[in-house]
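Reproduced below: upload-v3.cif, with mmCIF, C-alpha atoms.
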data_model
loop_
_atom_site.group_PDB
_atom_site.id
_atom_site.type_symbol
_atom_site.label_atom_id
_atom_site.label_comp_id
_atom_site.auth_asym_id
_atom_site.auth_seq_id
_atom_site.Cartn_x
_atom_site.Cartn_y
_atom_site.Cartn_z
ATOM 1 C CA MET A 176 173.376 103.170 147.455
ATOM 2 C CA GLY A 177 176.452 105.098 146.311
ATOM 3 C CA ILE A 178 178.860 103.764 143.693
ATOM 4 C CA GLU A 179 181.560 103.077 146.282
ATOM 5 C CA ARG A 180 179.244 101.005 148.474
ATOM 6 C CA LEU A 181 177.762 99.248 145.434
ATOM 7 C CA PHE A 182 181.197 98.037 144.294
ATOM 8 C CA ALA A 183 182.113 96.902 147.786
ATOM 9 C CA ALA A 184 178.801 95.095 148.337
ATOM 10 C CA GLU A 185 178.567 93.286 144.980
ATOM 11 C CA GLY A 186 182.187 92.295 144.330
ATOM 12 C CA PHE A 187 181.941 92.647 140.552
ATOM 13 C CA ASP A 188 184.330 90.555 138.442
ATOM 14 C CA ARG A 189 183.824 92.672 135.313
ATOM 15 C CA VAL A 190 182.110 95.987 134.675
ATOM 16 C CA VAL A 191 180.367 97.471 131.631
ATOM 17 C CA HIS A 192 180.101 101.267 131.895
ATOM 18 C CA LEU A 193 177.530 102.690 129.457
ATOM 19 C CA ALA A 194 176.150 105.550 131.560
ATOM 20 C CA ALA A 195 176.733 109.025 130.125
ATOM 21 C CA GLN A 196 175.201 112.301 129.081
ATOM 22 C CA ALA A 197 174.925 111.610 125.362
ATOM 23 C CA GLY A 198 174.532 113.741 122.256
ATOM 24 C CA VAL A 199 176.552 116.381 120.440
ATOM 25 C CA ARG A 200 173.947 119.136 120.252
ATOM 26 C CA TYR A 201 172.926 119.193 123.913
ATOM 27 C CA SER A 202 176.593 119.490 124.911
ATOM 28 C CA ILE A 203 176.575 122.953 123.327
ATOM 29 C CA GLU A 204 173.501 123.983 125.351
ATOM 30 C CA ASN A 205 174.445 122.429 128.702
ATOM 31 C CA PRO A 206 178.203 121.723 128.873
ATOM 32 C CA ARG A 207 178.304 121.239 132.650
ATOM 33 C CA ALA A 208 176.037 118.189 132.416
ATOM 34 C CA TYR A 209 178.774 116.474 130.392
ATOM 35 C CA ILE A 210 181.495 117.225 132.917
ATOM 36 C CA ASP A 211 179.329 115.992 135.807
ATOM 37 C CA SER A 212 178.157 112.781 134.120
ATOM 38 C CA ASN A 213 180.949 111.841 131.750
ATOM 39 C CA ILE A 214 184.052 113.004 133.594
ATOM 40 C CA VAL A 215 183.136 112.782 137.281
ATOM 41 C CA GLY A 216 180.877 109.773 136.684
ATOM 42 C CA THR A 217 183.611 107.838 134.892
ATOM 43 C CA LEU A 218 186.101 108.710 137.635
ATOM 44 C CA ASN A 219 183.713 107.121 140.163
ATOM 45 C CA ILE A 220 183.561 103.932 138.065
ATOM 46 C CA LEU A 221 187.347 103.808 137.661
ATOM 47 C CA GLU A 222 187.845 104.243 141.396
ATOM 48 C CA GLY A 223 185.317 101.487 142.093
ATOM 49 C CA CYS A 224 187.149 99.132 139.734
ATOM 50 C CA ARG A 225 190.552 100.039 141.147
ATOM 51 C CA HIS A 226 189.655 99.416 144.768
ATOM 52 C CA ASN A 227 187.684 96.214 144.194
ATOM 53 C CA LYS A 228 190.007 94.125 142.007
ATOM 54 C CA VAL A 229 187.763 94.264 138.906
ATOM 55 C CA GLN A 230 189.176 92.006 136.166
ATOM 56 C CA HIS A 231 188.056 94.067 133.153
ATOM 57 C CA LEU A 232 186.293 97.396 132.573
ATOM 58 C CA VAL A 233 184.554 97.909 129.223
ATOM 59 C CA TYR A 234 183.214 101.418 128.648
ATOM 60 C CA ALA A 235 181.428 103.337 125.914
ATOM 61 C CA SER A 236 183.367 105.868 123.915
ATOM 62 C CA SER A 237 182.143 107.415 120.664
ATOM 63 C CA SER A 238 182.977 107.937 117.006
ATOM 64 C CA SER A 239 182.709 111.642 117.864
ATOM 65 C CA VAL A 240 186.280 111.532 119.178
ATOM 66 C CA TYR A 241 187.530 111.479 115.567
ATOM 67 C CA GLY A 242 186.427 115.117 115.335
ATOM 68 C CA ALA A 243 188.241 117.017 112.606
ATOM 69 C CA ASN A 244 189.792 113.836 111.136
ATOM 70 C CA THR A 245 188.855 113.303 107.496
ATOM 71 C CA THR A 246 190.932 110.189 106.733
ATOM 72 C CA MET A 247 188.440 107.392 106.069
ATOM 73 C CA PRO A 248 187.727 104.870 107.406
ATOM 74 C CA PHE A 249 188.383 106.039 110.968
ATOM 75 C CA SER A 250 191.004 103.822 112.600
ATOM 76 C CA ILE A 251 191.849 103.388 116.281
ATOM 77 C CA HIS A 252 195.442 103.986 115.194
ATOM 78 C CA HIS A 253 194.619 107.540 114.071
ATOM 79 C CA ASN A 254 195.277 110.591 116.236
ATOM 80 C CA VAL A 255 192.086 111.914 117.885
ATOM 81 C CA ASP A 256 193.228 115.207 119.411
ATOM 82 C CA HIS A 257 190.839 117.557 117.591
ATOM 83 C CA PRO A 258 187.286 117.087 118.982
ATOM 84 C CA LEU A 259 184.546 119.345 117.600
ATOM 85 C CA SER A 260 182.150 119.230 120.569
ATOM 86 C CA LEU A 261 182.380 118.999 124.341
ATOM 87 C CA TYR A 262 180.645 115.630 124.142
ATOM 88 C CA ALA A 263 183.505 114.366 121.962
ATOM 89 C CA ALA A 264 186.065 115.926 124.301
ATOM 90 C CA SER A 265 184.467 114.208 127.300
ATOM 91 C CA LYS A 266 184.664 110.834 125.558
ATOM 92 C CA LYS A 267 188.290 111.396 124.607
ATOM 93 C CA ALA A 268 188.908 112.342 128.259
ATOM 94 C CA ASN A 269 187.329 109.031 129.341
ATOM 95 C CA GLU A 270 189.822 107.157 127.172
ATOM 96 C CA LEU A 271 192.721 109.114 128.689
ATOM 97 C CA MET A 272 191.428 108.495 132.214
ATOM 98 C CA ALA A 273 191.071 104.780 131.510
ATOM 99 C CA HIS A 274 194.625 104.606 130.187
ATOM 100 C CA THR A 275 195.914 106.273 133.343
ATOM 101 C CA TYR A 276 194.211 103.683 135.555
ATOM 102 C CA SER A 277 195.402 100.838 133.320
ATOM 103 C CA ASN A 278 198.931 102.163 133.654
ATOM 104 C CA LEU A 279 198.954 103.038 137.358
ATOM 105 C CA TYR A 280 196.891 100.157 138.755
ATOM 106 C CA ASN A 281 197.168 97.436 136.082
ATOM 107 C CA LEU A 282 193.389 97.667 135.550
ATOM 108 C CA PRO A 283 192.434 96.138 132.166
ATOM 109 C CA THR A 284 190.227 98.634 130.310
ATOM 110 C CA THR A 285 188.653 98.543 126.854
ATOM 111 C CA GLY A 286 186.986 101.560 125.247
ATOM 112 C CA LEU A 287 184.411 100.980 122.521
ATOM 113 C CA ARG A 288 183.835 103.774 120.036
ATOM 114 C CA PHE A 289 180.192 103.373 119.024
ATOM 115 C CA PHE A 290 179.144 104.599 115.568
ATOM 116 C CA THR A 291 175.636 106.138 115.304
ATOM 117 C CA VAL A 292 173.688 103.541 117.241
ATOM 118 C CA TYR A 293 169.984 103.156 116.393
ATOM 119 C CA GLY A 294 167.138 100.752 117.092
ATOM 120 C CA PRO A 295 164.353 99.959 119.589
ATOM 121 C CA TRP A 296 164.442 101.387 123.117
ATOM 122 C CA GLY A 297 166.626 104.338 122.157
ATOM 123 C CA ARG A 298 166.298 107.883 123.450
ATOM 124 C CA PRO A 299 163.255 109.859 122.194
ATOM 125 C CA ASP A 300 165.600 112.718 121.157
ATOM 126 C CA MET A 301 167.477 110.492 118.693
ATOM 127 C CA ALA A 302 167.021 111.272 114.992
ATOM 128 C CA LEU A 303 165.198 108.052 114.069
ATOM 129 C CA PHE A 304 162.634 108.569 116.841
ATOM 130 C CA MET A 305 162.019 112.196 115.889
ATOM 131 C CA PHE A 306 161.812 111.397 112.174
ATOM 132 C CA THR A 307 159.316 108.590 112.782
ATOM 133 C CA ARG A 308 157.159 110.616 115.163
ATOM 134 C CA ASP A 309 156.978 113.641 112.859
ATOM 135 C CA ILE A 310 156.432 111.674 109.636
ATOM 136 C CA LEU A 311 153.501 109.807 111.222
ATOM 137 C CA ALA A 312 152.102 113.117 112.493
ATOM 138 C CA GLY A 313 152.441 114.766 109.083
ATOM 139 C CA LYS A 314 154.987 117.271 110.378
ATOM 140 C CA PRO A 315 158.160 118.325 108.509
ATOM 141 C CA ILE A 316 161.455 116.816 109.676
ATOM 142 C CA ASP A 317 164.672 118.814 110.138
ATOM 143 C CA VAL A 318 167.388 117.347 107.890
ATOM 144 C CA PHE A 319 170.810 118.827 108.627
ATOM 145 C CA ASN A 320 173.629 119.237 106.096
ATOM 146 C CA TYR A 321 170.842 119.008 103.490
ATOM 147 C CA GLY A 322 170.836 115.234 104.100
ATOM 148 C CA LYS A 323 174.214 114.802 102.439
ATOM 149 C CA HIS A 324 176.315 113.664 105.376
ATOM 150 C CA ARG A 325 177.018 109.971 105.758
ATOM 151 C CA ARG A 326 176.788 107.971 108.958
ATOM 152 C CA ASP A 327 178.008 104.498 109.807
ATOM 153 C CA PHE A 328 174.619 103.512 111.271
ATOM 154 C CA THR A 329 175.025 100.579 113.663
ATOM 155 C CA TYR A 330 172.059 98.536 114.880
ATOM 156 C CA ILE A 331 171.673 98.138 118.636
ATOM 157 C CA ASP A 332 171.802 94.310 118.609
ATOM 158 C CA ASP A 333 175.214 94.479 116.925
ATOM 159 C CA ILE A 334 176.431 96.900 119.596
ATOM 160 C CA VAL A 335 175.231 94.632 122.421
ATOM 161 C CA GLU A 336 176.891 91.590 120.860
ATOM 162 C CA GLY A 337 180.136 93.542 120.486
ATOM 163 C CA VAL A 338 180.064 94.693 124.105
ATOM 164 C CA LEU A 339 179.527 91.172 125.442
ATOM 165 C CA ARG A 340 182.210 89.639 123.250
ATOM 166 C CA THR A 341 184.697 92.340 124.182
ATOM 167 C CA LEU A 342 183.962 91.851 127.877
ATOM 168 C CA ASP A 343 185.204 88.266 127.510
ATOM 169 C CA SER A 344 188.321 89.434 125.642
ATOM 170 C CA VAL A 345 190.237 91.026 128.518
ATOM 171 C CA ALA A 346 192.535 93.872 127.489
ATOM 172 C CA THR A 347 196.240 93.029 127.465
ATOM 173 C CA PRO A 348 199.406 95.081 126.886
ATOM 174 C CA ASN A 349 200.740 95.363 123.351
ATOM 175 C CA PRO A 350 204.263 93.875 123.499
ATOM 176 C CA ASN A 351 205.207 95.757 120.315
ATOM 177 C CA TRP A 352 204.137 99.178 121.538
ATOM 178 C CA SER A 353 206.835 101.798 120.964
ATOM 179 C CA SER A 354 207.254 105.039 122.879
ATOM 180 C CA ALA A 355 209.145 106.418 119.889
ATOM 181 C CA ASN A 356 206.134 105.786 117.635
ATOM 182 C CA PRO A 357 203.161 105.533 120.040
ATOM 183 C CA ASP A 358 200.058 103.702 118.822
ATOM 184 C CA PRO A 359 196.902 105.517 120.102
ATOM 185 C CA GLY A 360 194.808 102.326 120.121
ATOM 186 C CA THR A 361 197.009 100.153 122.352
ATOM 187 C CA SER A 362 199.609 100.533 125.111
ATOM 188 C CA THR A 363 202.239 98.884 127.269
ATOM 189 C CA ALA A 364 199.419 98.908 129.843
ATOM 190 C CA PRO A 365 196.399 96.537 129.623
ATOM 191 C CA TYR A 366 194.448 99.091 127.584
ATOM 192 C CA ARG A 367 192.581 98.715 124.289
ATOM 193 C CA ILE A 368 190.339 100.793 122.044
ATOM 194 C CA TYR A 369 187.999 99.367 119.375
ATOM 195 C CA ASN A 370 185.560 100.801 116.852
ATOM 196 C CA ILE A 371 182.119 99.199 116.737
ATOM 197 C CA GLY A 372 180.484 100.279 113.493
ATOM 198 C CA ASN A 373 178.763 98.708 110.530
ATOM 199 C CA SER A 374 181.584 99.766 108.143
ATOM 200 C CA GLN A 375 178.898 100.710 105.597
ATOM 201 C CA PRO A 376 178.407 104.506 105.584
ATOM 202 C CA VAL A 377 174.909 105.508 104.455
ATOM 203 C CA GLU A 378 173.845 108.970 103.298
ATOM 204 C CA LEU A 379 171.213 110.486 105.568
ATOM 205 C CA LEU A 380 168.769 110.990 102.681
ATOM 206 C CA HIS A 381 168.917 107.252 101.898
ATOM 207 C CA TYR A 382 168.375 106.437 105.590
ATOM 208 C CA ILE A 383 165.247 108.603 105.500
ATOM 209 C CA GLU A 384 164.093 106.898 102.274
ATOM 210 C CA VAL A 385 164.373 103.506 103.990
ATOM 211 C CA LEU A 386 162.309 104.858 106.892
ATOM 212 C CA GLU A 387 159.685 106.233 104.475
ATOM 213 C CA ASP A 388 159.402 102.823 102.796
ATOM 214 C CA CYS A 389 158.954 101.081 106.154
ATOM 215 C CA LEU A 390 156.305 103.580 107.275
ATOM 216 C CA GLY A 391 154.578 103.702 103.888
ATOM 217 C CA LYS A 392 154.564 107.487 104.106
ATOM 218 C CA LYS A 393 156.731 110.242 102.610
ATOM 219 C CA ALA A 394 158.467 112.862 104.746
ATOM 220 C CA GLU A 395 158.263 116.599 104.271
ATOM 221 C CA LYS A 396 161.904 117.665 104.648
ATOM 222 C CA ASN A 397 163.174 120.929 106.111
ATOM 223 C CA LEU A 398 166.707 120.998 104.644
ATOM 224 C CA LEU A 399 169.194 122.813 106.891
ATOM 225 C CA PRO A 400 172.988 123.418 107.020
ATOM 226 C CA LEU A 401 175.367 121.288 109.113
ATOM 227 C CA GLN A 402 175.006 122.026 112.819
ATOM 228 C CA PRO A 403 177.930 123.230 114.967
ATOM 229 C CA GLY A 404 179.822 120.269 116.446
ATOM 230 C CA ASP A 405 178.611 117.786 113.831
ATOM 231 C CA VAL A 406 180.978 116.022 111.428
ATOM 232 C CA PRO A 407 180.147 115.432 107.746
ATOM 233 C CA ASP A 408 180.882 111.685 107.672
ATOM 234 C CA THR A 409 181.691 108.700 109.897
ATOM 235 C CA TYR A 410 183.095 105.364 108.748
ATOM 236 C CA ALA A 411 184.506 102.695 111.079
ATOM 237 C CA ASP A 412 187.566 100.573 110.467
ATOM 238 C CA VAL A 413 186.769 97.507 112.598
ATOM 239 C CA GLN A 414 189.722 95.321 111.605
ATOM 240 C CA ASP A 415 191.175 95.315 115.130
ATOM 241 C CA LEU A 416 187.820 94.210 116.550
ATOM 242 C CA VAL A 417 187.750 91.388 113.988
ATOM 243 C CA ASP A 418 191.360 90.377 114.723
ATOM 244 C CA ASP A 419 191.173 90.493 118.528
ATOM 245 C CA VAL A 420 187.515 89.741 119.321
ATOM 246 C CA ASP A 421 186.450 87.874 116.161
ATOM 247 C CA TYR A 422 183.413 90.073 115.652
ATOM 248 C CA LYS A 423 182.037 92.472 113.051
ATOM 249 C CA PRO A 424 178.602 94.193 113.007
ATOM 250 C CA SER A 425 176.552 93.244 109.954
ATOM 251 C CA THR A 426 172.910 94.410 110.233
ATOM 252 C CA THR A 427 171.891 96.496 107.180
ATOM 253 C CA VAL A 428 169.918 99.730 107.623
ATOM 254 C CA GLU A 429 167.053 98.133 105.687
ATOM 255 C CA THR A 430 166.761 95.375 108.301
ATOM 256 C CA GLY A 431 167.523 97.583 111.283
ATOM 257 C CA VAL A 432 165.114 100.398 110.399
ATOM 258 C CA ASN A 433 162.352 97.890 109.645
ATOM 259 C CA ASN A 434 162.890 96.261 113.056
ATOM 260 C CA PHE A 435 162.732 99.697 114.676
ATOM 261 C CA VAL A 436 159.517 100.672 112.882
ATOM 262 C CA GLU A 437 157.813 97.412 113.878
ATOM 263 C CA TRP A 438 158.817 98.003 117.496
ATOM 264 C CA TYR A 439 157.825 101.691 117.422
ATOM 265 C CA LEU A 440 154.352 101.053 116.016
ATOM 266 C CA ASP A 441 153.726 98.340 118.591
ATOM 267 C CA TYR A 442 155.192 100.208 121.575
ATOM 268 C CA TYR A 443 153.399 103.495 120.866
ATOM 269 C CA LYS A 444 150.250 101.691 119.659
ATOM 270 C CA GLN A 445 150.245 103.562 116.321
#

Would you kindly transcribe this structure into structure tokens?
Amino acid sequence: MGIERLFAAEGFDRVVHLAAQAGVRYSIENPRAYIDSNIVGTLNILEGCRHNKVQHLVYASSSSVYGANTTMPFSIHHNVDHPLSLYAASKKANELMAHTYSNLYNLPTTGLRFFTVYGPWGRPDMALFMFTRDILAGKPIDVFNYGKHRRDFTYIDDIVEGVLRTLDSVATPNPNWSSANPDPGTSTAPYRIYNIGNSQPVELLHYIEVLEDCLGKKAEKNLLPLQPGDVPDTYADVQDLVDDVDYKPSTTVETGVNNFVEWYLDYYKQ
């Protein structure tokens, strides 16, 4: 069943759009996959919402949109016009597309910028999966930027809770929005952007140490320079999420990584 027929048949009240071609590195190898999935795919969702009177669209954006920004913590009120990868550019484009539909068709949309999500049931190409697999197999792990970059690692349960709470907090216009001093995170249209991050940046080497402790096994590290398209640090300012949605992620990497390892060992029967 195509997207158009699915919307017409089901009569959705609200929509959560999490489908995308993810990852910074693969966007350098296969850029067209990101245009097909992230741009054309999101257009199909927006059209479905527009023509079927959907009350609220919540969609996944990414901390990658902050790109060349170095002002920390990253705020939704910062400019995000300097992406460093096509993946980031596609997510920024999704936000622009959503704003257009909010403006033209009064469709409430909320974009959620996820910060380095990890946990059970993730993709096998994600760092935590690859680290765990290789450490258990006694193989060296590739550690980019010599392990010195920091990530605002956010546990999957916190992301899910944030998505559900935001879905119930329908986007509204900002009555104080000024065209003379435009705020990137809000609008005169029913359009909102929020960061969902743990607000506790962790150095990659410490993240790996936590994983080693949970596995009871040390990693052999292949230290490498920062990869093209990657950013040195991410750090989420979630004050707007707290103010508007009354929610803030709180799972520590110690708890989250331990939960992941328990799941991994059980799922893969290791």

The PyMOL selection byres ((chain A and resi 253-265) around 6) applied to the shown file, residues as a PyMOL selection string: chain A and resi 199+202+239-243+250-252+266-268+404

Which residues fall under the PyMOL selection byres ((chain A and resi 322) around 8) in this file, as an MDAnalysis selection string? chainID A and resid 318:321 323:324 378:380 398

Check which residues satisfy the PyMOL selection byres ((chain A and resi 284) around 12) in the file shown, then give them as JSON, numbers by chain. {"A": [189, 190, 191, 192, 220, 221, 224, 225, 229, 230, 231, 232, 233, 234, 235, 236, 269, 270, 271, 272, 273, 274, 275, 276, 277, 278, 280, 281, 282, 283, 285, 286, 287, 341, 342, 343, 344, 345, 346, 347, 348, 360, 361, 362, 364, 365, 366, 367, 368, 369]}

Do a neighbour search on Glu179 in chain A at 7 Å with only C-alpha atoms, toss out local chain neighbours closer than 3 positions, and write the hits as number ranges by chain. A: 182-183, 223

Contacts of Ala302 in chain A within 12 Å, all atoms listed in the file, excl. fewer than 3 positions in-chain, as a PyMOL selection string: chain A and resi 198+200+291-294+297-299+305-310+316-319+326+328+379+382-383+386+432

For Met301 in chain A, the nearest of the candidates A:Tyr201, A:Gln445, A:Trp352, A:Arg180, counting all atoms listed in the file: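 Of A:Tyr201, A:Gln445, A:Trp352, A:Arg180, the one nearest Met301 in chain A is A:Tyr201, counting all atoms listed in the file.
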
Using Å and a single decimal, report how far CA of Ser237 in chain A sits from CA of Glu336 in chain A.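 Straight-line distance from CA of Glu336 in chain A to CA of Ser237 in chain A works out to 16.7 Å.
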
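CA of Leu390 in chain A sits 12.0 Å away from CA of Gly313 in chain A.
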
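Proximity of A:Leu218, A:Ala197, A:Leu416, A:Val406 to Asp300 in chain A, computed with all atoms listed in the file, is greatest for A:Ala197.
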
Shell around range 371-374 of chain A at 6 Å using all atoms listed in the file, local window under 2 positions removed, as a list of chain:residue names: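 My reading of the contact set: A:Arg288, A:Phe289, A:Phe290, A:Asp327, A:Thr329, A:Tyr410, A:Ala411, A:Pro424, A:Ser425.
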
Find the distance between CA of Pro400 in chain A and CA of Ile203 in chain A and write it in Å to one decimal.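 Separation of CA of Pro400 in chain A and CA of Ile203 in chain A: 16.7 Å.
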
Between A:Tyr422, A:Pro407, A:Glu429, A:Glu437, which has the minimum distance to Asn244 in chain A (counting only C-alpha atoms)? A:Pro407

Have a look at A:Gln375, A:Asn205, A:Thr217, A:Asn397 and name the one nearest to Arg325 in chain A; count only C-alpha atoms.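 Smallest separation from Arg325 in chain A among the options: A:Gln375.
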
Work out where the centre of an axis-aligned box around every listed atom of range 228-242 of chain A lies and how long its edges are once 6 Å is added on each side; give both in Å to one decimal as JSON.
{"center_x": 185.7, "center_y": 103.6, "center_z": 128.7, "size_x": 20.6, "size_y": 35.1, "size_z": 38.7}
